[in-house]
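What follows is a short report on a single structure.
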Amino acid sequence: MLSRCDLIKGAAVALFTLSIQSAWAQETKMNLFKIVTIKDEIVVGLSAEELQALGGNDASAVAHALAQKGDLTVWQYNVHRGPNGELQQAPTAKIGLLANASLRVEPYTTPYQIVPHP
């Protein structure tokens, strides 16, 4: 039978583990954007740090950076099956975006878990 001390220790370990997982999830949070071009639409992912380096945290910051720099290198995201079979939004290729081919940048939401890029 478990003692009261063992239960308290177990609860403390569980809370600590959950707080670490939550902090890790926030640190690796990816922001997805749909890039609409003349020919197609693609989904790209940027981390919070990458967005801050572009000068903001929303689609307008991405569009402005693309217009200012003329091109951006980003990770393209697509839906794939994860290791345990569930669908997830995962990075598939590092691509270059050109300002003259992009018409619109908009936020993108997904019901799937988002895998951070390398």
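Residue names in the structure tokens use chain letters A, B, ... in the order shown, residue numbers from 1 in each chain, and ligand numbers from 1 in the order shown.
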Next on the checklist: List as number ranges by chain the protein and nucleic acid residues near Gln68 of chain A, meaning an atom at most 12 Å away when only C-alpha atoms are counted, but skip any in the same chain fewer than 4 places from it.
Outcome noted: A: 54-55, 60-64, 72, 98-100
May I have the selected residues written with N, CA and C atoms, as a JSON list (two decimals), in the first residue's frame?
```json
[["chain", "number", "residue", "atom", "x", "y", "z"],
["A", 54, "LEU", "N", 11.88, 38.27, -38.26],
["A", 54, "LEU", "CA", 11.27, 38.94, -39.41],
["A", 54, "LEU", "C", 10.63, 40.27, -39.02],
["A", 55, "GLY", "N", 10.48, 40.50, -37.72],
["A", 55, "GLY", "CA", 9.94, 41.78, -37.27],
["A", 55, "GLY", "C", 8.49, 41.75, -36.84],
["A", 60, "SER", "N", 1.19, 39.49, -41.62],
["A", 60, "SER", "CA", 1.66, 40.74, -42.22],
["A", 60, "SER", "C", 3.17, 40.89, -42.07],
["A", 61, "ALA", "N", 3.73, 40.40, -40.98],
["A", 61, "ALA", "CA", 5.19, 40.46, -40.79],
["A", 61, "ALA", "C", 5.88, 39.58, -41.84],
["A", 62, "VAL", "N", 5.31, 38.41, -42.12],
["A", 62, "VAL", "CA", 5.89, 37.52, -43.13],
["A", 62, "VAL", "C", 5.79, 38.18, -44.50],
["A", 63, "ALA", "N", 4.63, 38.74, -44.84],
["A", 63, "ALA", "CA", 4.43, 39.39, -46.14],
["A", 63, "ALA", "C", 5.37, 40.59, -46.28],
["A", 64, "HIS", "N", 5.50, 41.38, -45.23],
["A", 64, "HIS", "CA", 6.37, 42.56, -45.27],
["A", 64, "HIS", "C", 7.84, 42.15, -45.44],
["A", 72, "LEU", "N", 12.57, 34.56, -49.15],
["A", 72, "LEU", "CA", 12.68, 33.98, -47.81],
["A", 72, "LEU", "C", 12.89, 32.48, -47.95],
["A", 98, "LEU", "N", 9.77, 33.52, -53.42],
["A", 98, "LEU", "CA", 10.13, 34.74, -54.14],
["A", 98, "LEU", "C", 8.98, 35.73, -54.03],
["A", 99, "ALA", "N", 9.31, 36.97, -53.81],
["A", 99, "ALA", "CA", 8.29, 37.99, -53.59],
["A", 99, "ALA", "C", 7.39, 38.18, -54.80],
["A", 100, "ASN", "N", 7.94, 38.11, -56.01],
["A", 100, "ASN", "CA", 7.11, 38.38, -57.18],
["A", 100, "ASN", "C", 6.14, 37.26, -57.51]]
```
Within 12 Å of Thr110 of chain A using only C-alpha atoms, minus same-chain residues under 6 positions, as a list of chain:residue names: A:Met30, A:Asn31, A:Leu32, A:Phe33, A:Lys34, A:Val43, A:Gly45, A:Tyr77, A:Asn78, A:Val79, A:Leu87, A:Gln88, A:Gln89, A:Ala90
Query - Close residues, Ile42 of chain A itself excluded, 12 Å, only C-alpha atoms, min 5 positions apart in chain, as a ChimeraX atom specification - result: /A:32-37,74-79,91-93,95-97,102-108
Dump as a JSON list (two decimals), in the first residue's frame, selection limited to C-alpha atoms:
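Result written to selection_21.json:
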```json
[["chain", "number", "residue", "atom", "x", "y", "z"],
["A", 32, "LEU", "CA", 1.61, 28.05, -39.91],
["A", 33, "PHE", "CA", 0.89, 30.33, -42.86],
["A", 34, "LYS", "CA", -0.70, 29.69, -46.23],
["A", 35, "ILE", "CA", 1.21, 31.28, -49.11],
["A", 36, "VAL", "CA", -1.06, 31.87, -52.08],
["A", 37, "THR", "CA", 0.73, 32.17, -55.42],
["A", 74, "VAL", "CA", 11.10, 28.57, -44.97],
["A", 75, "TRP", "CA", 9.94, 25.02, -44.22],
["A", 76, "GLN", "CA", 6.99, 23.71, -46.22],
["A", 77, "TYR", "CA", 4.46, 21.71, -44.17],
["A", 78, "ASN", "CA", 2.14, 18.90, -45.26],
["A", 79, "VAL", "CA", -0.10, 16.37, -43.52],
["A", 91, "PRO", "CA", 7.83, 19.76, -42.31],
["A", 92, "THR", "CA", 8.59, 18.17, -45.69],
["A", 93, "ALA", "CA", 11.11, 20.44, -47.41],
["A", 95, "ILE", "CA", 11.95, 25.94, -49.78],
["A", 96, "GLY", "CA", 12.61, 29.43, -51.07],
["A", 97, "LEU", "CA", 9.82, 31.95, -51.57],
["A", 102, "SER", "CA", 3.57, 35.36, -53.91],
["A", 103, "LEU", "CA", 0.24, 37.11, -53.92],
["A", 104, "ARG", "CA", -0.95, 36.66, -50.36],
["A", 105, "VAL", "CA", 0.17, 35.40, -46.95],
["A", 106, "GLU", "CA", -2.52, 34.34, -44.47],
["A", 107, "PRO", "CA", -2.61, 32.49, -41.15],
["A", 108, "TYR", "CA", -3.31, 28.77, -41.41]]
```
